[in-house]
>>> print(open('start-v2.csv').read())   # CSV, C-alpha atoms and all ligand atoms
chain,number,residue,atom,x,y,z
A,591,GLN,CA,-123.2,69.5,4.9
A,592,GLU,CA,-125.8,68.8,7.5
A,593,ALA,CA,-128.2,66.2,8.9
A,594,HIS,CA,-126.3,63.0,8.5
A,595,ALA,CA,-126.9,61.8,12.0
A,596,ALA,CA,-130.0,59.7,11.7
A,597,GLU,CA,-129.3,57.7,8.6
A,598,MET,CA,-125.6,57.3,8.6
A,599,GLU,CA,-124.2,53.8,7.7
A,600,ARG,CA,-122.8,51.6,10.4
A,601,THR,CA,-120.6,48.5,10.4
A,602,PHE,CA,-119.6,45.9,13.0
A,603,ILE,CA,-115.8,45.7,13.6
A,604,ALA,CA,-114.2,43.2,16.0
A,605,ILE,CA,-110.6,42.9,17.0
A,606,LYS,CA,-110.1,39.1,17.5
A,607,PRO,CA,-108.3,37.5,20.4
A,608,ASP,CA,-104.9,37.6,18.6
A,609,GLY,CA,-105.2,41.4,17.9
A,610,VAL,CA,-106.2,42.0,21.6
A,611,GLN,CA,-103.4,39.8,23.0
A,612,ARG,CA,-100.8,41.4,20.7
A,613,GLY,CA,-101.6,44.9,22.0
A,614,LEU,CA,-103.0,46.2,18.7
A,615,ILE,CA,-106.2,47.7,20.0
A,616,SER,CA,-105.0,51.3,20.0
A,617,GLU,CA,-103.3,50.9,16.6
A,618,ILE,CA,-106.5,49.6,15.0
A,619,VAL,CA,-108.9,51.9,16.7
A,620,SER,CA,-106.7,54.8,15.7
A,621,ARG,CA,-106.9,53.9,12.0
A,622,PHE,CA,-110.7,54.1,12.0
A,623,GLU,CA,-110.6,57.3,14.0
A,624,ARG,CA,-108.1,59.1,11.9
A,625,LYS,CA,-110.0,58.2,8.7
A,626,GLY,CA,-112.9,60.2,10.1
A,627,TYR,CA,-115.3,57.4,11.2
A,628,LYS,CA,-117.2,57.7,14.4
A,629,LEU,CA,-117.2,55.1,17.2
A,630,VAL,CA,-120.7,54.5,18.4
A,631,ALA,CA,-120.3,51.3,20.5
A,632,ILE,CA,-117.4,49.4,22.0
A,633,LYS,CA,-117.0,46.6,24.5
A,634,LEU,CA,-114.5,43.9,25.4
A,635,ILE,CA,-116.0,40.5,25.8
A,636,VAL,CA,-115.1,36.8,25.7
A,637,PRO,CA,-117.7,35.2,23.4
A,638,SER,CA,-118.9,31.7,24.2
A,639,LYS,CA,-118.3,29.1,21.5
A,640,GLU,CA,-122.1,29.0,20.8
A,641,PHE,CA,-122.0,32.8,20.3
A,642,ALA,CA,-119.0,32.5,17.9
A,643,GLN,CA,-120.9,29.8,16.0
A,644,LYS,CA,-123.8,32.3,15.6
A,645,HIS,CA,-121.5,35.0,14.4
A,646,TYR,CA,-119.9,32.8,11.8
A,647,HIS,CA,-123.1,30.8,10.9
A,648,ASP,CA,-122.5,31.5,7.2
A,649,LEU,CA,-119.3,29.5,7.3
A,650,LYS,CA,-120.7,26.5,9.1
A,651,ASP,CA,-120.0,24.1,6.2
A,652,ARG,CA,-116.3,25.2,5.8
A,653,PRO,CA,-113.6,22.9,7.1
A,654,PHE,CA,-112.1,25.6,9.3
A,655,PHE,CA,-115.4,26.5,11.0
A,656,ASN,CA,-114.8,24.6,14.2
A,657,GLY,CA,-111.3,25.9,14.7
A,658,LEU,CA,-112.4,29.4,13.8
A,659,CYS,CA,-115.1,29.4,16.5
A,660,ASP,CA,-112.8,27.9,19.1
A,661,PHE,CA,-110.3,30.7,18.3
A,662,LEU,CA,-112.9,33.5,18.4
A,663,SER,CA,-114.1,32.3,21.8
A,664,SER,CA,-110.5,31.7,23.2
A,665,GLY,CA,-110.1,35.2,24.7
A,666,PRO,CA,-111.2,38.8,24.8
A,667,VAL,CA,-112.6,40.3,21.6
A,668,LEU,CA,-113.0,44.0,21.2
A,669,ALA,CA,-116.5,44.5,19.6
A,670,MET,CA,-117.2,47.9,18.0
A,671,VAL,CA,-119.7,49.7,15.8
A,672,TRP,CA,-118.3,52.4,13.5
A,673,GLU,CA,-120.4,54.9,11.6
A,674,GLY,CA,-119.7,57.0,8.5
A,675,GLU,CA,-120.4,57.3,4.8
A,676,GLY,CA,-119.4,54.2,3.1
A,677,VAL,CA,-118.0,52.7,6.3
A,678,ILE,CA,-118.9,49.1,5.5
A,679,LYS,CA,-117.0,48.9,2.2
A,680,TYR,CA,-114.2,51.2,3.1
A,681,GLY,CA,-113.8,49.6,6.5
A,682,ARG,CA,-113.1,46.3,4.6
A,683,LYS,CA,-110.5,48.2,2.5
A,684,LEU,CA,-108.8,49.5,5.7
A,685,ILE,CA,-108.8,45.9,7.0
A,686,GLY,CA,-107.4,44.4,3.8
A,687,ALA,CA,-107.8,41.0,2.1
A,688,THR,CA,-108.8,38.0,4.3
A,689,ASP,CA,-105.5,36.3,3.8
A,690,PRO,CA,-102.7,38.6,5.1
A,691,GLN,CA,-100.3,37.0,2.6
A,692,LYS,CA,-102.5,38.8,0.0
A,693,SER,CA,-103.4,42.0,1.9
A,694,GLU,CA,-101.7,45.1,0.6
A,695,PRO,CA,-99.2,46.9,2.7
A,696,GLY,CA,-100.9,49.9,4.3
A,697,THR,CA,-103.9,47.8,5.3
A,698,ILE,CA,-104.4,46.5,8.8
A,699,ARG,CA,-103.9,42.9,7.9
A,700,GLY,CA,-101.2,43.7,5.4
A,701,ASP,CA,-99.2,45.7,8.0
A,702,LEU,CA,-100.0,43.6,11.2
A,703,ALA,CA,-100.8,40.0,10.4
A,704,VAL,CA,-99.2,37.0,8.6
A,705,VAL,CA,-101.6,34.1,8.3
A,706,VAL,CA,-105.4,33.7,7.6
A,707,GLY,CA,-106.2,32.0,10.8
A,708,ARG,CA,-104.7,34.9,12.8
A,709,ASN,CA,-105.8,37.9,10.8
A,710,ILE,CA,-106.6,40.0,13.9
A,711,ILE,CA,-109.8,41.7,12.8
A,712,HIS,CA,-113.3,41.2,11.5
A,713,GLY,CA,-115.5,43.6,9.5
A,714,SER,CA,-119.0,43.2,8.2
A,715,ASP,CA,-119.1,42.5,4.5
A,716,GLY,CA,-122.4,44.1,3.5
A,717,LEU,CA,-125.4,46.1,4.7
A,718,GLU,CA,-127.5,43.1,5.8
A,719,THR,CA,-124.5,41.4,7.5
A,720,ALA,CA,-123.7,44.7,9.3
A,721,LYS,CA,-127.3,45.0,10.6
A,722,ASP,CA,-127.3,41.3,11.7
A,723,GLU,CA,-123.9,41.5,13.4
A,724,ILE,CA,-124.6,44.7,15.2
A,725,ALA,CA,-127.9,43.2,16.5
A,726,LEU,CA,-126.1,40.0,17.6
A,727,TRP,CA,-123.2,41.7,19.5
A,728,PHE,CA,-125.0,44.8,20.9
A,729,GLU,CA,-128.2,45.8,22.5
A,730,PRO,CA,-129.8,48.9,21.0
A,731,LYS,CA,-129.1,50.9,24.1
A,732,GLU,CA,-125.4,50.2,23.8
A,733,LEU,CA,-125.3,52.2,20.5
A,734,VAL,CA,-124.5,55.8,21.5
A,735,SER,CA,-125.8,58.7,19.3
A,736,TYR,CA,-123.8,61.9,19.7
A,737,THR,CA,-122.5,64.8,17.7
A,738,SER,CA,-118.7,64.7,17.3
A,739,ASN,CA,-116.8,67.9,16.7
A,740,VAL,CA,-114.9,66.6,13.8
A,741,GLU,CA,-118.0,65.7,11.8
A,742,LYS,CA,-118.6,69.1,10.4
A,743,TRP,CA,-115.0,69.0,9.0
A,744,VAL,CA,-115.1,65.5,7.7
A,745,TYR,CA,-118.4,66.0,5.8
B,1,LIG,P1,-114.0,38.3,8.6
B,1,LIG,O1,-115.4,37.8,8.4
B,1,LIG,O2,-113.4,37.8,9.8
B,1,LIG,O3,-113.9,39.8,8.4
B,1,LIG,O4,-113.1,37.7,7.4
B,1,LIG,P2,-113.5,37.7,5.9
B,1,LIG,O5,-114.9,38.1,5.6
B,1,LIG,O6,-112.4,38.5,5.3
B,1,LIG,O7,-113.3,36.2,5.6
B,1,LIG,P3,-114.4,35.0,5.6
B,1,LIG,O8,-114.2,34.2,4.4
B,1,LIG,O9,-115.7,35.4,6.1
B,1,LIG,O10,-113.7,34.1,6.8
B,1,LIG,C1,-113.9,34.5,8.1
B,1,LIG,C2,-112.7,34.2,8.9
B,1,LIG,O11,-112.4,32.8,8.8
B,1,LIG,C3,-111.0,32.6,8.9
B,1,LIG,N1,-110.5,31.8,7.8
B,1,LIG,N2,-109.7,30.8,8.0
B,1,LIG,N3,-108.5,28.7,5.3
B,1,LIG,C4,-108.7,29.1,6.5
B,1,LIG,O12,-108.1,28.6,7.4
B,1,LIG,C5,-109.5,30.3,6.8
B,1,LIG,N4,-110.2,30.9,5.9
B,1,LIG,C6,-110.9,31.9,6.5
B,1,LIG,C7,-110.3,34.0,8.8
B,1,LIG,O13,-110.0,34.3,10.2
B,1,LIG,C8,-111.4,34.8,8.3
B,1,LIG,O14,-111.2,36.2,8.7
>>> encode(input="start-v2.csv", output="structure tokens")
Amino acid sequence: QEAHAAEMERTFIAIKPDGVQRGLISEIVSRFERKGYKLVAIKLIVPSKEFAQKHYHDLKDRPFFNGLCDFLSSGPVLAMVWEGEGVIKYGRKLIGATDPQKSEPGTIRGDLAVVVGRNIIHGSDGLETAKDEIALWFEPKELVSYTSNVEKWVY
């Protein structure tokens, strides 16, 4: 197939401070790469608490909101944008259930995390959220458009 490039779906994925500190970057990036998704943006940043609050604004009324924002801003986060057909929904599937006690083995959280407050990774949960989160974390010029050699074999 041809001509995916312009309109291909994108999602925002972040490895949280626990995943970075535990040395799980390559393990996690590798799972998205091997699936056949394309990396279009990546950077390591320590978000401010205000930034974390923006990222998690939907959860502002939850009791864990403050601790969650403290945690996200406590160290380096690997922010990424991944592209591919169905990447938003299937990315969540690769990640596994929010609570690692309920994530299936074979998922990132199922294989690599134990408790909900240290579940190592974030992934956008829908098209609108993905758009908003990509816009929050990245400037348009940080999103790299390119042809990868594997695409013609993945699609
Ligand atoms: P994420 O946004 O990080 O991908 O996680 P999610 O959609 O699977 O889960 P969500 O309900 O949006 O919660 C966001 C993050 O908040 C933390 N959390 N802690 N009971 C708790 O202490 C609790 N519940 C959720 C988790 O780190 C979760 O990923």
>>> atom_distance(input="start-v2.csv", atom1="atom CA of A:Gly713", atom2="atom CA of A:Val744")
22.0 Å
>>> residues_around(input="start-v2.csv", residues="A:Leu726", least_positions_apart="4", cutoff="9 Å", atoms="all atoms listed in the file", output="short mmCIF file (atom, residue, chain, number, x, y, z; two decimals) with C-alpha atoms, keeping the file's coordinate frame")
data_model
loop_
_atom_site.label_atom_id
_atom_site.label_comp_id
_atom_site.auth_asym_id
_atom_site.auth_seq_id
_atom_site.Cartn_x
_atom_site.Cartn_y
_atom_site.Cartn_z
CA PHE A 641 -122.00 32.80 20.30
CA LYS A 644 -123.80 32.30 15.60
CA HIS A 645 -121.50 35.00 14.40
CA LYS A 721 -127.30 45.00 10.60
CA ASP A 722 -127.30 41.30 11.70
#
>>> atom_distance(input="start-v2.csv", atom1="atom CA of A:Lys633", atom2="atom O11 of ligand LIG 1 (chain B)")
21.4 Å
>>> closest_residue(input="start-v2.csv", among="A:Glu718, A:Asp660, A:Glu732, A:Asp648", to="ligand LIG 1 (chain B)", atoms="only C-alpha atoms and all ligand atoms")
A:Asp648
>>> axis_aligned_box(input="start-v2.csv", around="stretch 713-725 of chain A", padding_each_side="6 Å", output="lines of an AutoDock Vina configuration file")
center_x = -121.7
center_y = 43.7
center_z = 10.0
size_x = 24.4
size_y = 16.8
size_z = 25.0
>>> residues_near_point(input="start-v2.csv", point="(-119.5, 58.3, 21.8)", cutoff="12 Å", atoms="only C-alpha atoms", output="PDB file with C-alpha atoms, keeping the file's coordinate frame")
ATOM      1  CA  GLU A 623    -110.600  57.300  14.000  1.00  0.00           C
ATOM      2  CA  TYR A 627    -115.300  57.400  11.200  1.00  0.00           C
ATOM      3  CA  LYS A 628    -117.200  57.700  14.400  1.00  0.00           C
ATOM      4  CA  LEU A 629    -117.200  55.100  17.200  1.00  0.00           C
ATOM      5  CA  VAL A 630    -120.700  54.500  18.400  1.00  0.00           C
ATOM      6  CA  ALA A 631    -120.300  51.300  20.500  1.00  0.00           C
ATOM      7  CA  ILE A 632    -117.400  49.400  22.000  1.00  0.00           C
ATOM      8  CA  MET A 670    -117.200  47.900  18.000  1.00  0.00           C
ATOM      9  CA  VAL A 671    -119.700  49.700  15.800  1.00  0.00           C
ATOM     10  CA  TRP A 672    -118.300  52.400  13.500  1.00  0.00           C
ATOM     11  CA  GLU A 673    -120.400  54.900  11.600  1.00  0.00           C
ATOM     12  CA  GLU A 732    -125.400  50.200  23.800  1.00  0.00           C
ATOM     13  CA  LEU A 733    -125.300  52.200  20.500  1.00  0.00           C
ATOM     14  CA  VAL A 734    -124.500  55.800  21.500  1.00  0.00           C
ATOM     15  CA  SER A 735    -125.800  58.700  19.300  1.00  0.00           C
ATOM     16  CA  TYR A 736    -123.800  61.900  19.700  1.00  0.00           C
ATOM     17  CA  THR A 737    -122.500  64.800  17.700  1.00  0.00           C
ATOM     18  CA  SER A 738    -118.700  64.700  17.300  1.00  0.00           C
ATOM     19  CA  ASN A 739    -116.800  67.900  16.700  1.00  0.00           C
TER      20      ASN A 739
END
>>> closest_residue(input="start-v2.csv", among="A:Glu675, A:Val619, A:Ile711, A:Trp743", to="A:Glu597", atoms="only C-alpha atoms")
A:Glu675
>>> closest_residue(input="start-v2.csv", among="A:Gly613, A:Gly681, A:Pro695, A:Gly686", to="A:Lys625", atoms="all atoms listed in the file")
A:Gly681
>>> residues_near_ligand(input="start-v2.csv", ligand="ligand LIG 1 (chain B)", cutoff="8 Å", atoms="all atoms listed in the file", output="list of chain:residue names")
A:Tyr646, A:Asp648, A:Leu649, A:Pro653, A:Phe654, A:Phe655, A:Leu658, A:Arg682, A:Gly686, A:Ala687, A:Thr688, A:Asp689, A:Val706, A:Gly707, A:Arg708, A:Asn709, A:Ile710, A:Ile711, A:His712, A:Gly713, A:Ser714, A:Asp715
>>> closest_residue(input="start-v2.csv", among="A:Met598, A:Ala669, A:Glu729, A:Gly700", to="A:Val636", atoms="all atoms listed in the file")
A:Ala669
>>> atom_distance(input="start-v2.csv", atom1="atom CA of A:Ile605", atom2="atom CA of A:Ala720")
15.3 Å
>>> closest_residue(input="start-v2.csv", among="A:Ala642, A:Val667, A:His647, A:Leu684", to="A:Thr719", atoms="all atoms listed in the file")
A:His647
>>> closest_residue(input="start-v2.csv", among="A:Arg699, A:Pro666, A:Trp727, A:Ile685", to="A:Ile635", atoms="all atoms listed in the file")
A:Pro666
